[in-house]
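Right, one structure below, let's go through it.
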Amino acid sequence: MTINIENLQKTSPIWYRHAGSEGDVILGVMGRLVRNLRGHAFPGWSTAEGRRTVAEQLLQAIQKCPGFKSTLHAEMSELDYGMRRALLERRQISPCMAARRDGCHLIINKRQDTVVMINEEEHLVIHNFYEKPDFTGVIERLYRLPDMLSDDFGIEFATHPRHGYLTSLPGEAGEGIQLYATLHLPALTLSNIMPQVTRAVDKLQLNLAPLYPQFGEECGNTYVLYTAPIIHGALEEMSNHLTNVMMRLAEREKQVRERLLALHNQGDCFLADRINRCYGMLRYACAIPMPEWLEAISMLRLGIHCGFIEPKEGTTEQLLADLAEQPVLGGEFATGMPIPERTHPRQATPPEKARSQSIQRILSNINLLTAPVAAHH
């Protein structure tokens, strides 16, 4: 089945739809597995014919594997600029893959929780997303496809007895896996604690980066905590280490939220002011730029957690999930079409207008309280 951006837009990826299930701090986890075929040049050094040979071999096998018999599939040369950008916004392709063309293929399963890229930086790249903080489960799912390709179809991957799986960058050889966690940290950001957190994470041999770096380091108050490519034999150790640090950050975020709420109860209006301002902007703005959109959505989610906002109907968990998927549904290229050029510098673009309209359904189901009810944990 050829990838059609309109089909993808009917539902958001599954990890967005369940983003409220872990208290709106840990939004989900992801794993990246890479493999190269033995006897073939790596994609960065291969010819177009070599890439086509690798793609044909992998595609024939993948399409026979359970879970991949009915998928969304396209060669990158078939996707226009707007569609590539839309897939980037949805975190379904990497920036490297967005620049690829002939002989490079993209496969997305129906649940949209597994993405397979052929001839990205490596011959085979698998991304698996999960809405719960369970790296063990992610690793198990990542291994399923390469194990089937090896055991059932005789595909041999390039390995070294001491260094593990070989990659295009020698320093990244090893388990061929990286692990990521997406964290919503508005309280730590508002309290100017993130620089200290980033330095502490760096000392723990992990990385912490903004999820939306193109809009500024703190835009959307959402960050990615991740490992470097894991060396051979250290997968379980690094998985446990990342889980521990992730849980400590989540706990620290919750503590700071409680502190901000305590200050509010003592008469400080900082927290309520930030939430109310963002609600007002979303309620009445006619066109919303992406940075303002991300910040406002984050503040509404914080308001729900701290008890300033409650749904008129349904559960707070469902409201959190609805808000969590808004950034991807309101992206600059969410329609898969390039943004029209502005006729004057301040002209509102169609996505900016569409955001103000799309959020109204959610806002109509919100009660904004002058005093917080019991906070949601």
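Each chain in the structure tokens gets a letter, A, B, ..., in the order shown, and its residues are numbered from 1; ligands are numbered from 1 in order too.
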
Residue contacts of Tyr223 of chain A (12 Å, only C-alpha atoms) excluding same-chain residues fewer than 5 positions away, as a tab-separated table (two decimals) with N, CA and C atoms, in the first residue's frame:
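Output file part.tsv follows:
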chain	number	residue	atom	x	y	z
A	25	VAL	N	4.13	13.25	32.18
A	25	VAL	CA	5.56	13.57	32.30
A	25	VAL	C	6.35	12.69	31.33
A	26	ILE	N	6.23	11.39	31.46
A	26	ILE	CA	6.87	10.47	30.52
A	26	ILE	C	5.87	10.23	29.39
A	27	LEU	N	6.12	10.84	28.24
A	27	LEU	CA	5.16	10.75	27.13
A	27	LEU	C	5.31	9.45	26.35
A	28	GLY	N	6.46	8.82	26.42
A	28	GLY	CA	6.67	7.58	25.69
A	28	GLY	C	8.15	7.31	25.52
A	29	VAL	N	8.47	6.13	25.04
A	29	VAL	CA	9.86	5.75	24.81
A	29	VAL	C	10.00	5.23	23.38
A	180	TYR	N	15.53	6.01	23.64
A	180	TYR	CA	15.10	7.39	23.84
A	180	TYR	C	13.86	7.43	24.74
A	181	ALA	N	13.74	8.49	25.52
A	181	ALA	CA	12.52	8.76	26.29
A	181	ALA	C	12.12	10.20	26.05
A	182	THR	N	10.83	10.43	25.81
A	182	THR	CA	10.31	11.78	25.62
A	182	THR	C	9.65	12.24	26.91
A	183	LEU	N	10.10	13.40	27.42
A	183	LEU	CA	9.66	13.88	28.72
A	183	LEU	C	9.06	15.28	28.60
A	184	HIS	N	7.92	15.49	29.27
A	184	HIS	CA	7.29	16.80	29.33
A	184	HIS	C	7.65	17.41	30.68
A	185	LEU	N	8.48	18.47	30.67
A	185	LEU	CA	9.06	19.01	31.90
A	185	LEU	C	8.77	20.51	32.04
A	186	PRO	N	7.52	20.92	32.05
A	186	PRO	CA	7.23	22.36	32.13
A	186	PRO	C	7.62	22.99	33.46
A	188	LEU	N	10.09	22.15	35.59
A	188	LEU	CA	11.54	22.33	35.64
A	188	LEU	C	11.98	23.47	34.72
A	189	THR	N	11.31	23.61	33.57
A	189	THR	CA	11.65	24.68	32.64
A	189	THR	C	11.26	26.04	33.20
A	194	MET	N	16.41	23.61	34.18
A	194	MET	CA	16.84	22.75	33.10
A	194	MET	C	18.36	22.81	32.81
A	197	VAL	N	19.86	20.43	35.19
A	197	VAL	CA	19.47	19.07	34.85
A	197	VAL	C	20.30	18.56	33.68
A	198	THR	N	20.48	19.39	32.66
A	198	THR	CA	21.24	18.98	31.48
A	198	THR	C	22.68	18.65	31.85
A	207	ASN	N	22.23	11.83	27.25
A	207	ASN	CA	22.03	13.09	26.56
A	207	ASN	C	20.61	13.58	26.77
A	208	LEU	N	20.45	14.90	26.89
A	208	LEU	CA	19.13	15.51	27.02
A	208	LEU	C	19.05	16.66	26.04
A	209	ALA	N	18.07	16.61	25.14
A	209	ALA	CA	17.95	17.61	24.09
A	209	ALA	C	16.49	18.02	23.93
A	210	PRO	N	16.24	19.25	23.45
A	210	PRO	CA	14.84	19.66	23.22
A	210	PRO	C	14.21	18.86	22.09
A	211	LEU	N	12.92	18.59	22.19
A	211	LEU	CA	12.21	17.86	21.16
A	211	LEU	C	11.98	18.74	19.92
A	212	TYR	N	11.90	20.06	20.14
A	212	TYR	CA	11.67	20.98	19.03
A	212	TYR	C	12.81	22.01	18.96
A	213	PRO	N	14.02	21.57	18.63
A	213	PRO	CA	15.17	22.50	18.66
A	213	PRO	C	15.05	23.65	17.66
A	216	GLY	N	13.69	26.73	19.45
A	216	GLY	CA	14.31	27.18	20.69
A	216	GLY	C	14.45	26.03	21.67
A	217	GLU	N	15.40	26.15	22.57
A	217	GLU	CA	15.74	25.05	23.46
A	217	GLU	C	14.61	24.67	24.41
A	218	GLU	N	13.78	25.64	24.79
A	218	GLU	CA	12.76	25.35	25.79
A	218	GLU	C	11.35	25.34	25.20
A	246	MET	N	15.44	8.37	33.88
A	246	MET	CA	14.14	8.84	33.41
A	246	MET	C	13.16	8.96	34.58
A	249	LEU	N	14.06	11.91	36.85
A	249	LEU	CA	13.66	13.19	36.26
A	249	LEU	C	12.15	13.39	36.38
A	250	ALA	N	11.39	12.33	36.13
A	250	ALA	CA	9.93	12.43	36.25
A	250	ALA	C	9.53	12.77	37.68

Notebook entry, point to check: So which residues touch Leu260 of chain A within 8 Å, counting only C-alpha atoms, skipping near sequence neighbours fewer than 3 positions away, as a ChimeraX atom specification?
Noted result: /A:187,256-257,263-264,271

Residue subset to file, keeping C-alpha atoms, as a tab-separated table (two decimals), in the first residue's frame:
chain	number	residue	atom	x	y	z
A	187	ALA	CA	7.78	22.87	35.88
A	256	VAL	CA	8.63	21.03	41.35
A	257	ARG	CA	4.99	21.03	40.18
A	263	LEU	CA	3.42	28.84	46.12
A	264	HIS	CA	0.09	29.48	44.39
A	271	LEU	CA	1.48	29.51	37.81

Next item on the list: Enumerate, as a PyMOL selection string, the complete set of residues in segment 201-267 of chain A that a backbone-based DSSP assignment places in helix (DSSP H, G or I).
Entry: chain A and resi 201-203+213-215+219-221+235-265

Take the residues from that selection and put them in a file with C-alpha atoms, as a compact mmCIF listing (two decimals), in the first residue's frame.
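And here's result-v8.txt as it stands now:
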# COMPACT_ATOMS: atom_id res chain seq x y z
CA VAL A 201 22.48 14.17 32.78
CA ASP A 202 25.69 14.75 30.84
CA LYS A 203 27.74 13.55 33.83
CA PRO A 213 15.17 22.50 18.66
CA GLN A 214 14.15 24.48 15.57
CA PHE A 215 11.93 26.69 17.76
CA CYS A 219 9.92 25.52 23.27
CA GLY A 220 7.08 23.23 24.27
CA ASN A 221 8.91 22.23 27.48
CA LEU A 235 22.45 -3.25 26.39
CA GLU A 236 20.82 -4.40 29.65
CA GLU A 237 23.03 -2.14 31.77
CA MET A 238 22.28 0.96 29.66
CA SER A 239 18.57 0.16 29.50
CA ASN A 240 18.39 -0.03 33.29
CA HIS A 241 20.50 3.13 33.64
CA LEU A 242 18.28 5.11 31.26
CA THR A 243 15.15 3.87 33.04
CA ASN A 244 16.52 4.97 36.44
CA VAL A 245 17.47 8.44 35.22
CA MET A 246 14.14 8.84 33.41
CA MET A 247 12.20 7.96 36.56
CA ARG A 248 14.32 10.33 38.68
CA LEU A 249 13.66 13.19 36.26
CA ALA A 250 9.93 12.43 36.25
CA GLU A 251 9.87 12.42 40.04
CA ARG A 252 11.80 15.70 40.18
CA GLU A 253 9.34 17.29 37.74
CA LYS A 254 6.42 16.22 39.91
CA GLN A 255 8.12 17.65 43.02
CA VAL A 256 8.63 21.03 41.35
CA ARG A 257 4.99 21.03 40.18
CA GLU A 258 3.94 20.51 43.80
CA ARG A 259 6.21 23.38 44.83
CA LEU A 260 4.68 25.74 42.25
CA LEU A 261 1.23 24.73 43.42
CA ALA A 262 2.20 25.35 47.05
CA LEU A 263 3.42 28.84 46.12
CA HIS A 264 0.09 29.48 44.39
CA ASN A 265 -1.78 28.48 47.53

Note to self: Env of Asp322 of chain A: 8 Å cut, atoms = only C-alpha atoms, seq-sep filter 3 positions within chain, self excluded. Answer as a list in words.
What the structure shows: Arg17, Gln318, Leu319, Glu325, Gln326 and Ile362 of chain A

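Closest approach to Glu295 of chain A among A:Pro195, A:Leu190, A:Arg38, A:Pro229: A:Leu190, based on only C-alpha atoms.
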
Next item on the list: Show which residues sit within 12 Å of Thr167 of chain A, as a PyMOL selection string. Count only C-alpha atoms, and ignore same-chain residues fewer than 4 positions away.
Entry: chain A and resi 33-38+40-44+120-125+157-160+163+171-177+229-231

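A straight line drawn from atom CA of Thr227 of chain A to atom CA of Ile108 of chain A is 24.1 Å long.
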
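One finds atom CA of Glu140 of chain A at 20.3 Å from atom CA of Leu58 of chain A.
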
Notebook entry, point to check: From the set A:Ala321, A:Leu302, A:Ile309, A:Leu329, which residue has the shortest atom-to-atom contact distance to Leu363 of chain A, counting only C-alpha atoms?
Noted result: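 Answer, going by the shortest atom-to-atom distance: A:Ile309.
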
Notebook entry, point to check: Could you pull out the strand (DSSP E) residues of segment 174-350 of chain A from DSSP and send them as a ChimeraX atom specification?
Noted result: /A:177-184,207-210,222-226,309-311

Writing out the chosen residues with C-alpha atoms as an mmCIF file, in the first residue's frame:
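Wrote part23.cif, looks like this:
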data_model
loop_
_atom_site.group_PDB
_atom_site.id
_atom_site.type_symbol
_atom_site.label_atom_id
_atom_site.label_comp_id
_atom_site.auth_asym_id
_atom_site.auth_seq_id
_atom_site.Cartn_x
_atom_site.Cartn_y
_atom_site.Cartn_z
ATOM 1 C CA ILE A 177 20.618 0.088 19.363
ATOM 2 C CA GLN A 178 19.861 3.506 20.827
ATOM 3 C CA LEU A 179 17.113 4.172 23.375
ATOM 4 C CA TYR A 180 15.100 7.386 23.837
ATOM 5 C CA ALA A 181 12.524 8.755 26.289
ATOM 6 C CA THR A 182 10.314 11.782 25.618
ATOM 7 C CA LEU A 183 9.657 13.882 28.725
ATOM 8 C CA HIS A 184 7.289 16.804 29.327
ATOM 9 C CA ASN A 207 22.034 13.093 26.558
ATOM 10 C CA LEU A 208 19.131 15.509 27.024
ATOM 11 C CA ALA A 209 17.952 17.609 24.092
ATOM 12 C CA PRO A 210 14.841 19.657 23.217
ATOM 13 C CA THR A 222 9.418 18.773 25.955
ATOM 14 C CA TYR A 223 12.765 16.986 25.865
ATOM 15 C CA VAL A 224 14.355 13.766 24.675
ATOM 16 C CA LEU A 225 16.557 11.779 27.062
ATOM 17 C CA TYR A 226 18.664 9.269 25.154
ATOM 18 C CA ILE A 309 -8.363 22.754 34.377
ATOM 19 C CA GLU A 310 -10.895 19.946 34.330
ATOM 20 C CA PRO A 311 -12.946 18.419 31.520
#

Margin query: Using Å and a single decimal, report how far atom CA of Gln92 of chain A sits from atom CA of Gly331 of chain A.
Written below: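 We find that atom CA of Gly331 of chain A and atom CA of Gln92 of chain A lie 13.5 Å from each other.
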